Amino acid sequence: MAIHFENIKEFIGSRVSWDSRDDIFTPEAAAAIRAKVEERTVVVFPQIDLSDEEQLRITDLMGGKVRLTARNNVQSNDQDVYQVTLDEKINPQPEYVLGTFFWHMDGITVDMPPPFATLLSCRIAPDKGGETEFASTYAAYEGLPEEEKQAIEGLKAVHSVRASLSPIADAIPEKHRDKVLGIGLVKEHPIVWTHESGRKSMVIGTTADHIVGMEIPAGRAMLIRLQEWAAQPAFSLRHKWSKGDFVIWDNTGAMHRAIPYDKSTGRMMHRTSIAGSEKVAA
Ligand SMILES: [Fe+2]
């Protein structure tokens, strides 16, 4: 198999190269890529220029696609490909995309195990802004001082879309604000996720509203401190998109966010998701 991986930073990121493009689309390659996603959190395929059909093929080979967001595709003819764009002609709910300017995990407020991975293909790269940042919550947990690990052990946080959109709530037109804020479920998750592998990550981000059994201000302060800890440069990676770039990341061990960008940039990403097999467990 002629695909190669090269680390990007010490604790996060791997860049893929290949001899022949066809080498990517085999079950062996998919298994190697999946293992690399688990090991390095973020895997980057520079300018590979996938079609939707090819992206779905990789998604399925790596573990099976799952549909996270209701269909609103106009340009894509596949319901399993979600178009991430601020263009209201394509995405009638741009507020949901504006919420991605803040650290979050995908699929935390739905009634299924969080997706294992998110896959994004860049169709239109913005000139200004629109980079995606990733923060490894495996590396961040590992790097916490021992007493802080103990302090968060056994704690649970309450997650909602309402919490994740609270920074932009007053920018949502009033006529559909309640509907947008009410998307998804209110879910309780342990802050420390002990995976079947035995490794531990953290389930944090702006969906986390408060900590069960703690005073709201103290709980929120703790959640924000954990976010800031995970986002420090040692544990995080910023990807500047070129057209055709394809990135896969471990959604069960990372938060992500987009650097703010303007609708006029035309930024367009095609997203698929790989189903998760593990519920969040303490
Ligand atoms: Fe996201």
# chains A, B, ... in the order shown; residues from 1 in each chain; ligands from 1
>>> residues_around(residues="stretch 143-150 of chain A", least_positions_apart="4", cutoff="12 Å", atoms="only C-alpha atoms", output="list in words")
Phe11, Ser136, Thr137, Tyr138, Ala139, Gly154, Leu155, Ile191, Val192, Trp193, Lys200, Ser201, Met202, Met222, Arg225, Leu226, Glu228, Trp229, Ala230, Gln232, Ala234 and Phe235 of chain A
>>> write_last_selection(atoms="N, CA and C atoms", output="PDB file, in the first residue's frame")
ATOM      1  N   PHE A  11       1.703  16.524  19.205  1.00  0.00           N
ATOM      2  CA  PHE A  11       0.585  15.766  19.779  1.00  0.00           C
ATOM      3  C   PHE A  11      -0.616  15.646  18.851  1.00  0.00           C
ATOM      4  N   SER A 136      -7.153  18.595  20.498  1.00  0.00           N
ATOM      5  CA  SER A 136      -7.238  17.205  20.947  1.00  0.00           C
ATOM      6  C   SER A 136      -7.589  17.149  22.425  1.00  0.00           C
ATOM      7  N   THR A 137      -8.735  16.550  22.730  1.00  0.00           N
ATOM      8  CA  THR A 137      -9.102  16.420  24.147  1.00  0.00           C
ATOM      9  C   THR A 137      -8.513  15.151  24.761  1.00  0.00           C
ATOM     10  N   TYR A 138      -7.930  14.287  23.931  1.00  0.00           N
ATOM     11  CA  TYR A 138      -7.103  13.194  24.473  1.00  0.00           C
ATOM     12  C   TYR A 138      -5.810  13.791  25.038  1.00  0.00           C
ATOM     13  N   ALA A 139      -5.113  14.568  24.192  1.00  0.00           N
ATOM     14  CA  ALA A 139      -3.839  15.150  24.620  1.00  0.00           C
ATOM     15  C   ALA A 139      -4.058  16.120  25.778  1.00  0.00           C
ATOM     16  N   GLY A 154     -15.722  11.779  37.326  1.00  0.00           N
ATOM     17  CA  GLY A 154     -17.081  11.543  37.816  1.00  0.00           C
ATOM     18  C   GLY A 154     -18.054  12.693  37.591  1.00  0.00           C
ATOM     19  N   LEU A 155     -17.558  13.851  37.115  1.00  0.00           N
ATOM     20  CA  LEU A 155     -18.476  14.977  36.877  1.00  0.00           C
ATOM     21  C   LEU A 155     -19.206  14.804  35.549  1.00  0.00           C
ATOM     22  N   ILE A 191     -17.809  14.355  31.812  1.00  0.00           N
ATOM     23  CA  ILE A 191     -16.766  15.220  31.238  1.00  0.00           C
ATOM     24  C   ILE A 191     -15.592  14.359  30.776  1.00  0.00           C
ATOM     25  N   VAL A 192     -15.250  13.366  31.557  1.00  0.00           N
ATOM     26  CA  VAL A 192     -14.156  12.469  31.172  1.00  0.00           C
ATOM     27  C   VAL A 192     -14.765  11.230  30.517  1.00  0.00           C
ATOM     28  N   TRP A 193     -14.420  11.031  29.260  1.00  0.00           N
ATOM     29  CA  TRP A 193     -14.924   9.877  28.496  1.00  0.00           C
ATOM     30  C   TRP A 193     -13.845   8.800  28.507  1.00  0.00           C
ATOM     31  N   LYS A 200      -8.583   8.119  27.592  1.00  0.00           N
ATOM     32  CA  LYS A 200      -9.566   9.084  28.089  1.00  0.00           C
ATOM     33  C   LYS A 200      -9.483  10.388  27.312  1.00  0.00           C
ATOM     34  N   SER A 201     -10.658  10.899  26.944  1.00  0.00           N
ATOM     35  CA  SER A 201     -10.747  12.221  26.329  1.00  0.00           C
ATOM     36  C   SER A 201     -11.749  13.032  27.147  1.00  0.00           C
ATOM     37  N   MET A 202     -11.980  14.260  26.751  1.00  0.00           N
ATOM     38  CA  MET A 202     -12.959  15.087  27.462  1.00  0.00           C
ATOM     39  C   MET A 202     -14.082  15.508  26.520  1.00  0.00           C
ATOM     40  N   MET A 222     -15.405  26.329  35.195  1.00  0.00           N
ATOM     41  CA  MET A 222     -14.590  25.126  35.028  1.00  0.00           C
ATOM     42  C   MET A 222     -14.636  24.647  33.570  1.00  0.00           C
ATOM     43  N   ARG A 225     -12.509  26.902  31.475  1.00  0.00           N
ATOM     44  CA  ARG A 225     -11.076  26.675  31.725  1.00  0.00           C
ATOM     45  C   ARG A 225     -10.602  25.403  31.001  1.00  0.00           C
ATOM     46  N   LEU A 226     -11.445  24.366  31.009  1.00  0.00           N
ATOM     47  CA  LEU A 226     -11.056  23.126  30.314  1.00  0.00           C
ATOM     48  C   LEU A 226     -10.947  23.363  28.805  1.00  0.00           C
ATOM     49  N   GLU A 228     -10.227  26.204  27.348  1.00  0.00           N
ATOM     50  CA  GLU A 228      -9.004  26.993  27.105  1.00  0.00           C
ATOM     51  C   GLU A 228      -7.758  26.109  27.211  1.00  0.00           C
ATOM     52  N   TRP A 229      -7.781  25.214  28.159  1.00  0.00           N
ATOM     53  CA  TRP A 229      -6.639  24.298  28.342  1.00  0.00           C
ATOM     54  C   TRP A 229      -6.441  23.457  27.082  1.00  0.00           C
ATOM     55  N   ALA A 230      -7.548  22.899  26.588  1.00  0.00           N
ATOM     56  CA  ALA A 230      -7.447  22.021  25.414  1.00  0.00           C
ATOM     57  C   ALA A 230      -7.041  22.791  24.159  1.00  0.00           C
ATOM     58  N   GLN A 232      -4.949  25.214  23.886  1.00  0.00           N
ATOM     59  CA  GLN A 232      -3.589  25.791  23.865  1.00  0.00           C
ATOM     60  C   GLN A 232      -2.807  25.196  22.689  1.00  0.00           C
ATOM     61  N   ALA A 234      -0.137  23.664  22.105  1.00  0.00           N
ATOM     62  CA  ALA A 234       0.470  22.326  22.147  1.00  0.00           C
ATOM     63  C   ALA A 234      -0.517  21.230  21.745  1.00  0.00           C
ATOM     64  N   PHE A 235      -1.799  21.428  22.066  1.00  0.00           N
ATOM     65  CA  PHE A 235      -2.790  20.371  21.835  1.00  0.00           C
ATOM     66  C   PHE A 235      -3.669  20.653  20.618  1.00  0.00           C
TER      67      PHE A 235
END
>>> closest_atom_pairs(of="stretch 11-37 of chain A", to="stretch 48-65 of chain A", cutoff="7 Å", atoms="only C-alpha atoms", output="JSON lines")
{"residue": "A:Phe25", "atom": "CA", "partner": "A:Ile58", "partner_atom": "CA", "distance": 6.4}
{"residue": "A:Pro27", "atom": "CA", "partner": "A:Leu61", "partner_atom": "CA", "distance": 6.1}
{"residue": "A:Ala30", "atom": "CA", "partner": "A:Met62", "partner_atom": "CA", "distance": 5.2}
{"residue": "A:Ala31", "atom": "CA", "partner": "A:Met62", "partner_atom": "CA", "distance": 6.5}
{"residue": "A:Arg34", "atom": "CA", "partner": "A:Met62", "partner_atom": "CA", "distance": 6.2}
>>> closest_residue(among="A:Phe45, A:Trp18, A:Tyr141, A:Trp249", to="ligand 1", atoms="only C-alpha atoms and all ligand atoms")
A:Trp249
>>> residues_around(residues="A:Ser264", least_positions_apart="4", cutoff="9 Å", atoms="only C-alpha atoms", output="list in words")
Leu86, Asp87 and Pro126 of chain A
>>> residues_around(residues="A:Ile3", least_positions_apart="3", cutoff="7 Å", atoms="only C-alpha atoms", output="PyMOL selection string")
chain A and resi 16-19+23
>>> closest_atom_pairs(of="chain A", to="ligand 1", cutoff="7 Å", atoms="only C-alpha atoms and all ligand atoms", output="CSV")
residue,atom,partner,partner_atom_place_in_ligand_line,distance
A:Thr100,CA,ligand 1,1 (Fe),5.8
A:His104,CA,ligand 1,1 (Fe),6.4
A:Met105,CA,ligand 1,1 (Fe),6.0
A:Asp106,CA,ligand 1,1 (Fe),4.9
A:His256,CA,ligand 1,1 (Fe),6.4
A:Arg257,CA,ligand 1,1 (Fe),6.7
>>> residues_around(residues="A:Thr118", least_positions_apart="3", cutoff="8 Å", atoms="only C-alpha atoms", output="VMD selection string")
chain A and resid 106 115 248 to 251 271 to 274
>>> write_last_selection(atoms="N, CA, C and O atoms", output="mmCIF file, in the first residue's frame")
data_model
loop_
_atom_site.group_PDB
_atom_site.id
_atom_site.type_symbol
_atom_site.label_atom_id
_atom_site.label_comp_id
_atom_site.auth_asym_id
_atom_site.auth_seq_id
_atom_site.Cartn_x
_atom_site.Cartn_y
_atom_site.Cartn_z
ATOM 1 N N ASP A 106 -19.258 17.513 17.233
ATOM 2 C CA ASP A 106 -20.460 17.262 16.435
ATOM 3 C C ASP A 106 -21.305 16.140 17.061
ATOM 4 O O ASP A 106 -20.757 15.176 17.606
ATOM 5 N N PRO A 115 -20.772 10.753 16.542
ATOM 6 C CA PRO A 115 -20.060 10.218 15.379
ATOM 7 C C PRO A 115 -18.574 10.043 15.691
ATOM 8 O O PRO A 115 -17.987 10.888 16.362
ATOM 9 N N ILE A 248 -10.012 14.618 7.858
ATOM 10 C CA ILE A 248 -10.810 13.717 8.700
ATOM 11 C C ILE A 248 -10.341 13.910 10.137
ATOM 12 O O ILE A 248 -9.133 13.938 10.381
ATOM 13 N N TRP A 249 -11.284 14.077 11.080
ATOM 14 C CA TRP A 249 -10.832 14.148 12.473
ATOM 15 C C TRP A 249 -11.686 13.295 13.388
ATOM 16 O O TRP A 249 -12.832 12.993 13.103
ATOM 17 N N ASP A 250 -11.060 12.916 14.494
ATOM 18 C CA ASP A 250 -11.697 12.081 15.501
ATOM 19 C C ASP A 250 -12.605 12.966 16.347
ATOM 20 O O ASP A 250 -12.129 13.675 17.237
ATOM 21 N N ASN A 251 -13.883 12.920 16.056
ATOM 22 C CA ASN A 251 -14.849 13.763 16.760
ATOM 23 C C ASN A 251 -15.046 13.334 18.214
ATOM 24 O O ASN A 251 -15.555 14.088 19.017
ATOM 25 N N ARG A 271 -19.541 18.004 3.949
ATOM 26 C CA ARG A 271 -19.287 17.241 5.174
ATOM 27 C C ARG A 271 -19.988 15.881 5.138
ATOM 28 O O ARG A 271 -21.145 15.774 4.740
ATOM 29 N N THR A 272 -19.266 14.860 5.565
ATOM 30 C CA THR A 272 -19.887 13.575 5.861
ATOM 31 C C THR A 272 -19.455 13.180 7.272
ATOM 32 O O THR A 272 -18.535 13.783 7.840
ATOM 33 N N SER A 273 -20.128 12.171 7.831
ATOM 34 C CA SER A 273 -19.797 11.728 9.190
ATOM 35 C C SER A 273 -19.745 10.219 9.228
ATOM 36 O O SER A 273 -20.527 9.535 8.553
ATOM 37 N N ILE A 274 -18.819 9.723 10.030
ATOM 38 C CA ILE A 274 -18.727 8.270 10.258
ATOM 39 C C ILE A 274 -19.433 7.962 11.574
ATOM 40 O O ILE A 274 -19.172 8.618 12.600
#
